[in-house]
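> File input.cif follows (mmCIF, C-alpha atoms and all ligand atoms):
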```
data_protein
#
loop_
_atom_site.group_PDB
_atom_site.id
_atom_site.type_symbol
_atom_site.label_atom_id
_atom_site.label_comp_id
_atom_site.auth_asym_id
_atom_site.auth_seq_id
_atom_site.Cartn_x
_atom_site.Cartn_y
_atom_site.Cartn_z
ATOM 1 C CA MET B 181 90.579 95.109 118.173
ATOM 2 C CA ALA B 182 93.601 93.035 117.229
ATOM 3 C CA SER B 183 94.743 94.337 113.884
ATOM 4 C CA LYS B 184 97.762 93.694 111.761
ATOM 5 C CA PHE B 185 99.354 94.578 108.476
ATOM 6 C CA ILE B 186 99.101 91.649 106.065
ATOM 7 C CA THR B 187 100.707 92.655 102.778
ATOM 8 C CA SER B 188 101.116 95.220 100.014
ATOM 9 C CA ALA B 189 100.105 94.441 96.466
ATOM 10 C CA ALA B 190 100.862 96.147 93.183
ATOM 11 C CA GLY B 191 98.612 93.767 91.275
ATOM 12 C CA VAL B 192 96.412 90.703 91.454
ATOM 13 C CA GLU B 193 99.350 88.352 92.053
ATOM 14 C CA GLY B 194 100.042 90.184 95.310
ATOM 15 C CA TYR B 195 96.548 89.972 96.811
ATOM 16 C CA PRO B 196 96.390 87.885 99.986
ATOM 17 C CA SER B 197 94.702 84.507 99.621
ATOM 18 C CA SER B 198 92.425 85.061 102.638
ATOM 19 C CA ASP B 199 88.692 84.916 102.042
ATOM 20 C CA LEU B 200 87.795 87.522 104.676
ATOM 21 C CA PRO B 201 85.402 90.211 103.439
ATOM 22 C CA GLU B 202 87.256 93.305 102.219
ATOM 23 C CA VAL B 203 86.471 97.003 102.580
ATOM 24 C CA ALA B 204 88.515 99.504 100.571
ATOM 25 C CA PHE B 205 89.427 102.929 101.985
ATOM 26 C CA VAL B 206 90.006 105.874 99.658
ATOM 27 C CA GLY B 207 90.601 109.534 100.356
ATOM 28 C CA HIS B 208 92.275 112.624 98.995
ATOM 29 C CA SER B 209 95.665 113.309 100.533
ATOM 30 C CA ASN B 210 95.483 114.867 103.987
ATOM 31 C CA ALA B 211 91.884 113.710 104.492
ATOM 32 C CA GLY B 212 93.022 111.899 107.628
ATOM 33 C CA LYS B 213 92.620 108.417 106.147
ATOM 34 C CA SER B 214 95.724 107.005 107.892
ATOM 35 C CA SER B 215 94.650 108.548 111.206
ATOM 36 C CA LEU B 216 91.199 107.014 110.789
ATOM 37 C CA ILE B 217 92.629 103.561 110.004
ATOM 38 C CA ASN B 218 94.829 103.805 113.087
ATOM 39 C CA ALA B 219 91.853 104.904 115.208
ATOM 40 C CA LEU B 220 89.562 102.112 114.090
ATOM 41 C CA SER B 221 92.260 99.468 114.384
ATOM 42 C CA LYS B 222 93.344 100.894 117.751
ATOM 43 C CA ARG B 223 96.898 100.631 116.497
ATOM 44 C CA LYS B 224 98.627 104.002 116.444
ATOM 45 C CA GLY B 225 101.331 103.163 113.939
ATOM 46 C CA LEU B 226 99.399 100.727 111.772
ATOM 47 C CA ALA B 227 98.869 103.043 108.824
ATOM 48 C CA ARG B 228 101.530 105.644 108.301
ATOM 49 C CA VAL B 229 100.320 109.172 108.982
ATOM 50 C CA SER B 230 101.637 110.887 105.929
ATOM 51 C CA THR B 231 103.614 114.073 105.746
ATOM 52 C CA THR B 232 104.316 113.758 102.033
ATOM 53 C CA PRO B 233 101.425 112.486 99.942
ATOM 54 C CA GLY B 234 102.586 109.285 98.255
ATOM 55 C CA LYS B 235 101.717 108.576 94.669
ATOM 56 C CA THR B 236 102.587 104.895 94.763
ATOM 57 C CA ASP B 237 100.140 102.658 92.997
ATOM 58 C CA ILE B 238 99.898 100.055 95.709
ATOM 59 C CA LEU B 239 97.221 98.452 97.891
ATOM 60 C CA ASN B 240 97.904 97.826 101.589
ATOM 61 C CA PHE B 241 95.930 95.046 103.278
ATOM 62 C CA TYR B 242 95.251 95.168 107.039
ATOM 63 C CA GLU B 243 93.373 92.489 108.929
ATOM 64 C CA ILE B 244 91.014 94.060 111.472
ATOM 65 C CA ASP B 245 90.194 91.916 114.489
ATOM 66 C CA GLY B 246 90.257 88.775 112.335
ATOM 67 C CA ARG B 247 86.878 89.888 110.959
ATOM 68 C CA PHE B 248 87.559 91.823 107.795
ATOM 69 C CA MET B 249 90.347 93.066 105.608
ATOM 70 C CA LEU B 250 90.774 96.811 105.311
ATOM 71 C CA VAL B 251 92.351 97.689 101.970
ATOM 72 C CA ASP B 252 94.099 101.047 101.944
ATOM 73 C CA MET B 253 94.062 102.522 98.444
ATOM 74 C CA PRO B 254 96.428 105.237 97.228
ATOM 75 C CA GLY B 255 94.869 108.680 96.805
ATOM 76 C CA TYR B 256 91.673 108.327 94.854
ATOM 77 C CA GLY B 257 93.556 105.916 92.638
ATOM 78 C CA PHE B 258 93.039 108.375 89.840
ATOM 79 C CA ALA B 259 95.587 108.881 87.116
ATOM 80 C CA ALA B 260 95.355 111.434 84.333
ATOM 81 C CA ARG B 261 95.659 109.478 81.103
ATOM 82 C CA HIS B 262 97.952 110.949 78.419
ATOM 83 C CA GLN B 263 97.317 114.625 77.788
ATOM 84 C CA ASP B 264 93.699 114.047 78.522
ATOM 85 C CA THR B 265 92.545 115.801 81.683
ATOM 86 C CA ARG B 266 89.922 113.127 82.176
ATOM 87 C CA GLU B 267 90.768 111.180 85.270
ATOM 88 C CA THR B 268 90.083 107.549 85.872
ATOM 89 C CA TRP B 269 91.080 104.780 88.198
ATOM 90 C CA THR B 270 94.510 103.402 87.407
ATOM 91 C CA PRO B 271 94.165 99.976 85.723
ATOM 92 C CA MET B 272 95.497 98.273 88.861
ATOM 93 C CA ILE B 273 92.852 99.866 91.127
ATOM 94 C CA GLU B 274 90.085 99.389 88.587
ATOM 95 C CA ASN B 275 91.001 95.727 88.288
ATOM 96 C CA TYR B 276 90.862 95.315 92.057
ATOM 97 C CA LEU B 277 87.506 97.065 92.439
ATOM 98 C CA MET B 278 85.864 95.240 89.549
ATOM 99 C CA ASN B 279 87.204 91.730 90.078
ATOM 100 C CA ARG B 280 87.814 91.145 93.762
ATOM 101 C CA ASP B 281 85.024 88.776 94.811
ATOM 102 C CA GLN B 282 85.248 89.483 98.526
ATOM 103 C CA LEU B 283 85.105 93.284 98.133
ATOM 104 C CA LYS B 284 82.022 94.437 100.067
ATOM 105 C CA GLY B 285 82.250 98.172 99.578
ATOM 106 C CA VAL B 286 84.244 101.365 99.721
ATOM 107 C CA VAL B 287 84.738 103.938 102.470
ATOM 108 C CA LEU B 288 85.483 107.406 101.101
ATOM 109 C CA VAL B 289 87.269 109.632 103.622
ATOM 110 C CA MET B 290 86.934 113.374 103.052
ATOM 111 C CA ALA B 291 88.000 116.277 105.181
ATOM 112 C CA ILE B 292 84.667 117.902 106.006
ATOM 113 C CA LYS B 293 85.922 121.351 105.000
ATOM 114 C CA ARG B 294 86.853 120.190 101.525
ATOM 115 C CA GLN B 295 84.556 121.359 98.782
ATOM 116 C CA TRP B 296 82.698 118.569 97.006
ATOM 117 C CA ARG B 297 84.298 118.438 93.553
ATOM 118 C CA GLU B 298 84.152 116.669 90.230
ATOM 119 C CA ASP B 299 86.657 114.137 91.626
ATOM 120 C CA GLU B 300 84.135 113.038 94.217
ATOM 121 C CA ASP B 301 81.294 113.062 91.695
ATOM 122 C CA ASN B 302 83.288 110.863 89.305
ATOM 123 C CA LEU B 303 84.165 108.463 92.046
ATOM 124 C CA ILE B 304 80.615 108.119 93.338
ATOM 125 C CA THR B 305 79.195 107.722 89.842
ATOM 126 C CA TRP B 306 81.749 105.059 88.953
ATOM 127 C CA LEU B 307 81.069 103.057 92.128
ATOM 128 C CA ALA B 308 77.286 103.310 91.719
ATOM 129 C CA HIS B 309 77.592 102.203 88.098
ATOM 130 C CA HIS B 310 79.487 99.108 89.200
ATOM 131 C CA GLY B 311 77.124 98.426 92.090
ATOM 132 C CA ILE B 312 79.743 98.938 94.799
ATOM 133 C CA PRO B 313 78.236 100.384 98.020
ATOM 134 C CA LEU B 314 79.841 103.459 99.524
ATOM 135 C CA ILE B 315 80.130 104.883 103.033
ATOM 136 C CA LEU B 316 81.084 108.545 103.153
ATOM 137 C CA VAL B 317 83.184 109.630 106.152
ATOM 138 C CA LEU B 318 83.366 113.367 106.808
ATOM 139 C CA ASN B 319 86.507 113.576 108.896
ATOM 140 C CA LYS B 320 87.958 116.451 110.928
ATOM 141 C CA SER B 321 84.468 117.386 112.124
ATOM 142 C CA ASP B 322 86.142 118.778 115.250
ATOM 143 C CA LYS B 323 87.187 121.753 113.119
ATOM 144 C CA LEU B 324 83.612 122.983 112.671
ATOM 145 C CA ASN B 325 81.358 124.828 115.069
ATOM 146 C CA GLN B 326 77.725 123.824 115.455
ATOM 147 C CA LYS B 327 76.423 126.244 112.871
ATOM 148 C CA GLU B 328 78.983 125.194 110.264
ATOM 149 C CA MET B 329 78.136 121.585 111.039
ATOM 150 C CA VAL B 330 74.438 122.122 110.304
ATOM 151 C CA ALA B 331 75.295 123.666 106.932
ATOM 152 C CA LYS B 332 77.691 120.842 106.056
ATOM 153 C CA ARG B 333 75.189 118.170 107.045
ATOM 154 C CA ARG B 334 72.650 119.746 104.726
ATOM 155 C CA GLU B 335 75.213 119.763 101.913
ATOM 156 C CA PHE B 336 76.259 116.130 102.386
ATOM 157 C CA ASP B 337 72.734 114.829 103.015
ATOM 158 C CA ALA B 338 71.870 116.007 99.508
ATOM 159 C CA ILE B 339 74.461 113.736 97.932
ATOM 160 C CA GLN B 340 72.876 110.682 96.356
ATOM 161 C CA SER B 341 74.133 107.106 95.967
ATOM 162 C CA VAL B 342 75.642 106.948 99.441
ATOM 163 C CA SER B 343 74.784 104.070 101.776
ATOM 164 C CA ALA B 344 75.693 106.057 104.931
ATOM 165 C CA ARG B 345 77.330 109.302 106.002
ATOM 166 C CA ILE B 346 79.491 109.359 109.125
ATOM 167 C CA TYR B 347 80.654 112.569 110.787
ATOM 168 C CA ALA B 348 83.959 111.717 112.417
ATOM 169 C CA SER B 349 87.090 112.998 114.024
ATOM 170 C CA ALA B 350 90.012 110.581 113.878
ATOM 171 C CA THR B 351 92.010 112.642 116.359
ATOM 172 C CA LYS B 352 89.165 112.912 118.897
ATOM 173 C CA GLY B 353 87.931 109.376 118.302
ATOM 174 C CA GLN B 354 84.463 110.555 117.320
ATOM 175 C CA GLY B 355 82.405 108.490 114.892
ATOM 176 C CA ILE B 356 84.816 105.557 115.016
ATOM 177 C CA GLU B 357 82.431 103.089 116.683
ATOM 178 C CA GLU B 358 79.652 104.234 114.384
ATOM 179 C CA LEU B 359 81.905 103.674 111.377
ATOM 180 C CA ILE B 360 82.771 100.120 112.459
ATOM 181 C CA ARG B 361 79.102 99.336 113.099
ATOM 182 C CA THR B 362 78.118 100.765 109.720
ATOM 183 C CA ILE B 363 80.842 98.810 107.912
ATOM 184 C CA PHE B 364 79.347 95.612 109.355
ATOM 185 C CA ASP B 365 75.689 96.559 108.919
ATOM 186 C CA ASN B 366 75.789 98.233 105.515
ATOM 187 C CA LEU B 367 78.665 96.475 103.765
ATOM 188 C CA ILE B 368 79.695 93.174 105.279
ATOM 189 C CA ARG B 369 76.341 91.794 106.443
ATOM 190 C CA ALA B 370 74.284 93.398 103.712
HETATM 191 P P1 LIG X 401 96.005 111.019 104.982
HETATM 192 O O1 LIG X 401 96.947 111.712 104.056
HETATM 193 O O2 LIG X 401 94.599 111.066 104.477
HETATM 194 O O3 LIG X 401 96.420 109.629 105.382
HETATM 195 O O4 LIG X 401 95.934 111.905 106.299
HETATM 196 P P2 LIG X 401 96.715 111.736 107.703
HETATM 197 O O5 LIG X 401 96.062 110.701 108.553
HETATM 198 O O6 LIG X 401 98.171 111.580 107.394
HETATM 199 O O7 LIG X 401 96.394 113.140 108.397
HETATM 200 C C1 LIG X 401 96.776 114.368 107.821
HETATM 201 C C2 LIG X 401 96.827 115.435 108.898
HETATM 202 O O8 LIG X 401 95.510 115.698 109.402
HETATM 203 C C3 LIG X 401 97.666 115.003 110.099
HETATM 204 O O9 LIG X 401 98.349 116.144 110.562
HETATM 205 C C4 LIG X 401 96.619 114.547 111.118
HETATM 206 O O10 LIG X 401 97.039 114.685 112.457
HETATM 207 C C5 LIG X 401 95.458 115.488 110.795
HETATM 208 N N1 LIG X 401 94.156 114.887 111.137
HETATM 209 C C6 LIG X 401 93.712 113.656 110.817
HETATM 210 N N2 LIG X 401 92.464 113.446 111.269
HETATM 211 C C7 LIG X 401 92.085 114.579 111.900
HETATM 212 C C8 LIG X 401 90.879 114.985 112.594
HETATM 213 O O11 LIG X 401 89.884 114.261 112.722
HETATM 214 N N3 LIG X 401 90.864 116.257 113.099
HETATM 215 C C9 LIG X 401 91.927 117.104 112.971
HETATM 216 N N4 LIG X 401 91.808 118.331 113.505
HETATM 217 N N5 LIG X 401 93.065 116.761 112.333
HETATM 218 C C10 LIG X 401 93.157 115.512 111.808
#
```
With the file now loaded, output its structure as C-alpha cells.

Amino acid sequence: MASKFITSAAGVEGYPSSDLPEVAFVGHSNAGKSSLINALSKRKGLARVSTTPGKTDILNFYEIDGRFMLVDMPGYGFAARHQDTRETWTPMIENYLMNRDQLKGVVLVMAIKRQWREDEDNLITWLAHHGIPLILVLNKSDKLNQKEMVAKRREFDAIQSVSARIYASATKGQGIEELIRTIFDNLIRA
C-alpha cells in the first residue's frame, strides 16, 4: 500500500479538505497503535512508535493507498474535567467524532493482556450512543499461549456493541490483512 502522512489538526480548521472516507484509531498508550498503523500502511516510520506517551490534543491524518484516511487520535482522547473524575472526550475530539461527515467508524486498539475497564466501557457506550461503528483490535496476541487465548476470546466475545473483533500482532504481522478487509467491509462499504 502506498501511504503517506497528510496533516495534523488541532481543530476543524486543520482538517484536510479531502473527501476520502475516514477511520479513526484510538488506543491506550502502549497498546501498539503506532506499530499497527505502520504495519497496515507498510511504512515502518509512518506513525511514530512512542517511548513517551504524548498527551497532545492533536489528530494525525494518514492517507492509506489513496483509498481511505486513517486518523490517529491521541490516547483515548479523554480528559478529566475540573476536579471531577468523570472522563470524557476532549471537546476537540468530540467535535471531530460528532461532526465529521466522512467518518465511517473507529478502530479501538487494546493490548490483549489489558483488563477491560470503565474507560473502555465509557468509550464503547459513547460510540454506540452516537451510532459510530467500532472494530476492536486485540493487539500483542503473540504474548499469549493457546489456553490464555481461548480465555481472552471468551472474555472479548461477550462484549456487546462491537462490529468486529480482530486478534492481531503488529510485530508479527498477524491480523493485519484481516483488519484491512474488515475496515472496508464493516466500515467503509457498510
Ligand atoms: P502506542 O503507544 O499504542 O503507539 O504503542 P507503540 O506502537 O509505540 O508500541 C509500544 C510497545 O509495544 C513497543 O515497544 C512495541 O514494539 C510493542 N508492540 C507493539 N505491538 C506489539 C505486538 O503485537 N506484540 C508485541 N509483543 N509487542 C508489540
> Kindly resolve the PyMOL selection byres (((chain B and resi 276-293) around 8) and not hetatm) on the present coordinates and return the residues as a ChimeraX atom specification.
/B:191-192,199-208,210-213,272-275,294-295,310,312-321,332,367-368
> Please determine, counting only C-alpha atoms and all ligand atoms, which residue among B:Ser341, B:Thr351, B:Thr187, B:Gln326 has the shortest atom-to-atom distance to ligand LIG 401 (chain X).
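Using only C-alpha atoms and all ligand atoms, the shortest distance to ligand LIG 401 (chain X) belongs to B:Thr351.
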> Please write the residues picked by the PyMOL selection byres (((chain B and resi 190) around 10) and not hetatm) on this file as a PyMOL selection string.
chain B and resi 188-189+191-195+236-240+272-273
> In terms of the shortest atom-to-atom distance over only C-alpha atoms and all ligand atoms, which of B:Asp365, B:Asp299, B:Asp252, B:Asp337 is closest to ligand LIG 401 (chain X)?
B:Asp252
> Fewer than 6 positions away in the same chain doesn't count, so skip those; otherwise give me all residues within 10 Å of Trp296 of chain B, counting all atoms listed in the file, as a list in words.
Met290, Glu335, Phe336 and Ile339 of chain B
> Write out as an MDAnalysis selection string the residues lying within 10 Å of Gln340 of chain B, counting only C-alpha atoms and excluding same-chain residues fewer than 6 positions away.
chainID B and resid 301 304:305 308
> Calculated over all atoms listed in the file, which of the candidates B:Asn325, B:Ser349, B:Ser197, B:Asn302 has the smallest distance to ligand LIG 401 (chain X)?
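Closest candidate: B:Ser349.
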> Between B:Thr270, B:Gly311, B:Glu298, B:Lys224, which is the closest to ligand LIG 401 (chain X) once you count only C-alpha atoms and all ligand atoms?
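Ranked by minimum distance to ligand LIG 401 (chain X), first place goes to B:Lys224.
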> For a test of reading the model, state the distance in Å between atom N2 of ligand LIG 401 (chain X) and atom CA of Asp245 of chain B, rounded to one decimal.
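Separation between atom N2 of ligand LIG 401 (chain X) and atom CA of Asp245 of chain B: 21.9 Å.
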> Restricting the calculation to all atoms listed in the file: of B:Ala350, B:Met249, B:Met329, B:Leu303, which residue gets closest to ligand LIG 401 (chain X)?
B:Ala350
> Specify as a list in words each residue included when the PyMOL selection byres (((chain B and resi 221) around 7) and not hetatm) is applied to this file.
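On this input, the PyMOL selection byres (((chain B and resi 221) around 7) and not hetatm) captures Met181, Ser183, Ile217, Asn218, Ala219, Leu220, Lys222, Arg223 and Ile244 of chain B.
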> My list of candidates is B:Ser198, B:Gln354, B:Ser215, B:Thr362. Which is closest to ligand LIG 401 (chain X) when distances are computed with all atoms listed in the file?
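Using all atoms listed in the file, ligand LIG 401 (chain X) sits closest to B:Ser215.
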> Please fill the gaps in segment 296-307 of chain B so it has all heavy atoms, and write that as a PDB file, in the frame of the given file.

```
ATOM      1  N   TRP B 296      83.047 119.706  97.859  1.00  0.00           N
ATOM      2  CA  TRP B 296      82.698 118.569  97.006  1.00  0.00           C
ATOM      3  C   TRP B 296      83.052 118.941  95.566  1.00  0.00           C
ATOM      4  O   TRP B 296      82.642 119.976  95.069  1.00  0.00           O
ATOM      5  CB  TRP B 296      81.201 118.283  97.131  1.00  0.00           C
ATOM      6  CG  TRP B 296      80.775 117.032  96.445  1.00  0.00           C
ATOM      7  CD1 TRP B 296      80.290 116.938  95.166  1.00  0.00           C
ATOM      8  CD2 TRP B 296      80.809 115.710  96.967  1.00  0.00           C
ATOM      9  NE1 TRP B 296      80.019 115.628  94.876  1.00  0.00           N
ATOM     10  CE2 TRP B 296      80.328 114.853  95.960  1.00  0.00           C
ATOM     11  CE3 TRP B 296      81.203 115.155  98.189  1.00  0.00           C
ATOM     12  CZ2 TRP B 296      80.222 113.476  96.131  1.00  0.00           C
ATOM     13  CZ3 TRP B 296      81.096 113.787  98.355  1.00  0.00           C
ATOM     14  CH2 TRP B 296      80.606 112.952  97.340  1.00  0.00           C
ATOM     15  N   ARG B 297      83.822 118.098  94.893  1.00  0.00           N
ATOM     16  CA  ARG B 297      84.298 118.438  93.553  1.00  0.00           C
ATOM     17  C   ARG B 297      83.943 117.365  92.543  1.00  0.00           C
ATOM     18  O   ARG B 297      83.374 116.349  92.871  1.00  0.00           O
ATOM     19  CB  ARG B 297      85.837 118.553  93.558  1.00  0.00           C
ATOM     20  CG  ARG B 297      86.371 119.609  94.462  1.00  0.00           C
ATOM     21  CD  ARG B 297      87.845 119.807  94.187  1.00  0.00           C
ATOM     22  NE  ARG B 297      88.480 120.412  95.346  1.00  0.00           N
ATOM     23  CZ  ARG B 297      89.757 120.253  95.662  1.00  0.00           C
ATOM     24  NH1 ARG B 297      90.535 119.527  94.908  1.00  0.00           N
ATOM     25  NH2 ARG B 297      90.265 120.840  96.722  1.00  0.00           N
ATOM     26  N   GLU B 298      84.376 117.622  91.317  1.00  0.00           N
ATOM     27  CA  GLU B 298      84.152 116.669  90.230  1.00  0.00           C
ATOM     28  C   GLU B 298      84.805 115.322  90.547  1.00  0.00           C
ATOM     29  O   GLU B 298      84.266 114.271  90.203  1.00  0.00           O
ATOM     30  CB  GLU B 298      84.737 117.259  88.948  1.00  0.00           C
ATOM     31  CG  GLU B 298      83.979 116.869  87.716  1.00  0.00           C
ATOM     32  CD  GLU B 298      84.649 117.395  86.468  1.00  0.00           C
ATOM     33  OE1 GLU B 298      85.300 118.462  86.525  1.00  0.00           O
ATOM     34  OE2 GLU B 298      84.531 116.716  85.439  1.00  0.00           O
ATOM     35  N   ASP B 299      85.975 115.367  91.199  1.00  0.00           N
ATOM     36  CA  ASP B 299      86.657 114.137  91.626  1.00  0.00           C
ATOM     37  C   ASP B 299      85.718 113.221  92.397  1.00  0.00           C
ATOM     38  O   ASP B 299      85.641 112.020  92.139  1.00  0.00           O
ATOM     39  CB  ASP B 299      87.799 114.478  92.611  1.00  0.00           C
ATOM     40  CG  ASP B 299      89.102 114.727  91.879  1.00  0.00           C
ATOM     41  OD1 ASP B 299      89.119 114.605  90.641  1.00  0.00           O
ATOM     42  OD2 ASP B 299      90.086 115.039  92.567  1.00  0.00           O
ATOM     43  N   GLU B 300      85.031 113.812  93.372  1.00  0.00           N
ATOM     44  CA  GLU B 300      84.135 113.038  94.217  1.00  0.00           C
ATOM     45  C   GLU B 300      82.932 112.553  93.410  1.00  0.00           C
ATOM     46  O   GLU B 300      82.489 111.428  93.568  1.00  0.00           O
ATOM     47  CB  GLU B 300      83.661 113.870  95.418  1.00  0.00           C
ATOM     48  CG  GLU B 300      84.672 114.012  96.547  1.00  0.00           C
ATOM     49  CD  GLU B 300      85.762 115.043  96.279  1.00  0.00           C
ATOM     50  OE1 GLU B 300      85.529 115.968  95.473  1.00  0.00           O
ATOM     51  OE2 GLU B 300      86.836 114.921  96.886  1.00  0.00           O
ATOM     52  N   ASP B 301      82.425 113.435  92.541  1.00  0.00           N
ATOM     53  CA  ASP B 301      81.294 113.062  91.695  1.00  0.00           C
ATOM     54  C   ASP B 301      81.655 111.874  90.813  1.00  0.00           C
ATOM     55  O   ASP B 301      80.891 110.919  90.694  1.00  0.00           O
ATOM     56  CB  ASP B 301      80.901 114.245  90.789  1.00  0.00           C
ATOM     57  CG  ASP B 301      79.739 115.023  91.358  1.00  0.00           C
ATOM     58  OD1 ASP B 301      78.990 114.452  92.179  1.00  0.00           O
ATOM     59  OD2 ASP B 301      79.567 116.194  90.990  1.00  0.00           O
ATOM     60  N   ASN B 302      82.839 111.940  90.190  1.00  0.00           N
ATOM     61  CA  ASN B 302      83.288 110.863  89.305  1.00  0.00           C
ATOM     62  C   ASN B 302      83.382 109.546  90.060  1.00  0.00           C
ATOM     63  O   ASN B 302      82.968 108.501  89.577  1.00  0.00           O
ATOM     64  CB  ASN B 302      84.675 111.182  88.720  1.00  0.00           C
ATOM     65  CG  ASN B 302      84.607 112.323  87.721  1.00  0.00           C
ATOM     66  OD1 ASN B 302      83.534 112.632  87.202  1.00  0.00           O
ATOM     67  ND2 ASN B 302      85.742 112.959  87.469  1.00  0.00           N
ATOM     68  N   LEU B 303      83.948 109.655  91.242  1.00  0.00           N
ATOM     69  CA  LEU B 303      84.165 108.463  92.046  1.00  0.00           C
ATOM     70  C   LEU B 303      82.837 107.800  92.431  1.00  0.00           C
ATOM     71  O   LEU B 303      82.644 106.601  92.268  1.00  0.00           O
ATOM     72  CB  LEU B 303      84.930 108.901  93.292  1.00  0.00           C
ATOM     73  CG  LEU B 303      85.579 107.848  94.140  1.00  0.00           C
ATOM     74  CD1 LEU B 303      86.865 108.412  94.717  1.00  0.00           C
ATOM     75  CD2 LEU B 303      84.666 107.460  95.251  1.00  0.00           C
ATOM     76  N   ILE B 304      81.911 108.624  92.896  1.00  0.00           N
ATOM     77  CA  ILE B 304      80.615 108.119  93.338  1.00  0.00           C
ATOM     78  C   ILE B 304      79.829 107.526  92.169  1.00  0.00           C
ATOM     79  O   ILE B 304      79.215 106.477  92.272  1.00  0.00           O
ATOM     80  CB  ILE B 304      79.858 109.277  94.036  1.00  0.00           C
ATOM     81  CG1 ILE B 304      79.881 109.057  95.531  1.00  0.00           C
ATOM     82  CG2 ILE B 304      78.490 109.472  93.528  1.00  0.00           C
ATOM     83  CD1 ILE B 304      79.076 110.051  96.304  1.00  0.00           C
ATOM     84  N   THR B 305      79.916 108.194  91.027  1.00  0.00           N
ATOM     85  CA  THR B 305      79.195 107.722  89.842  1.00  0.00           C
ATOM     86  C   THR B 305      79.768 106.381  89.378  1.00  0.00           C
ATOM     87  O   THR B 305      79.031 105.455  89.049  1.00  0.00           O
ATOM     88  CB  THR B 305      79.307 108.765  88.702  1.00  0.00           C
ATOM     89  OG1 THR B 305      78.842 110.014  89.219  1.00  0.00           O
ATOM     90  CG2 THR B 305      78.488 108.386  87.496  1.00  0.00           C
ATOM     91  N   TRP B 306      81.089 106.298  89.390  1.00  0.00           N
ATOM     92  CA  TRP B 306      81.749 105.059  88.953  1.00  0.00           C
ATOM     93  C   TRP B 306      81.357 103.903  89.871  1.00  0.00           C
ATOM     94  O   TRP B 306      81.007 102.818  89.408  1.00  0.00           O
ATOM     95  CB  TRP B 306      83.273 105.256  88.948  1.00  0.00           C
ATOM     96  CG  TRP B 306      84.029 104.154  88.264  1.00  0.00           C
ATOM     97  CD1 TRP B 306      84.457 104.129  86.970  1.00  0.00           C
ATOM     98  CD2 TRP B 306      84.454 102.910  88.857  1.00  0.00           C
ATOM     99  NE1 TRP B 306      85.111 102.941  86.716  1.00  0.00           N
ATOM    100  CE2 TRP B 306      85.122 102.172  87.851  1.00  0.00           C
ATOM    101  CE3 TRP B 306      84.322 102.343  90.128  1.00  0.00           C
ATOM    102  CZ2 TRP B 306      85.676 100.913  88.077  1.00  0.00           C
ATOM    103  CZ3 TRP B 306      84.862 101.076  90.353  1.00  0.00           C
ATOM    104  CH2 TRP B 306      85.527 100.381  89.335  1.00  0.00           C
ATOM    105  N   LEU B 307      81.394 104.121  91.166  1.00  0.00           N
ATOM    106  CA  LEU B 307      81.069 103.057  92.128  1.00  0.00           C
ATOM    107  C   LEU B 307      79.604 102.635  91.984  1.00  0.00           C
ATOM    108  O   LEU B 307      79.295 101.442  91.971  1.00  0.00           O
ATOM    109  CB  LEU B 307      81.348 103.517  93.560  1.00  0.00           C
ATOM    110  CG  LEU B 307      82.830 103.703  93.928  1.00  0.00           C
ATOM    111  CD1 LEU B 307      82.954 104.332  95.313  1.00  0.00           C
ATOM    112  CD2 LEU B 307      83.592 102.380  93.882  1.00  0.00           C
TER     113      LEU B 307
END
```
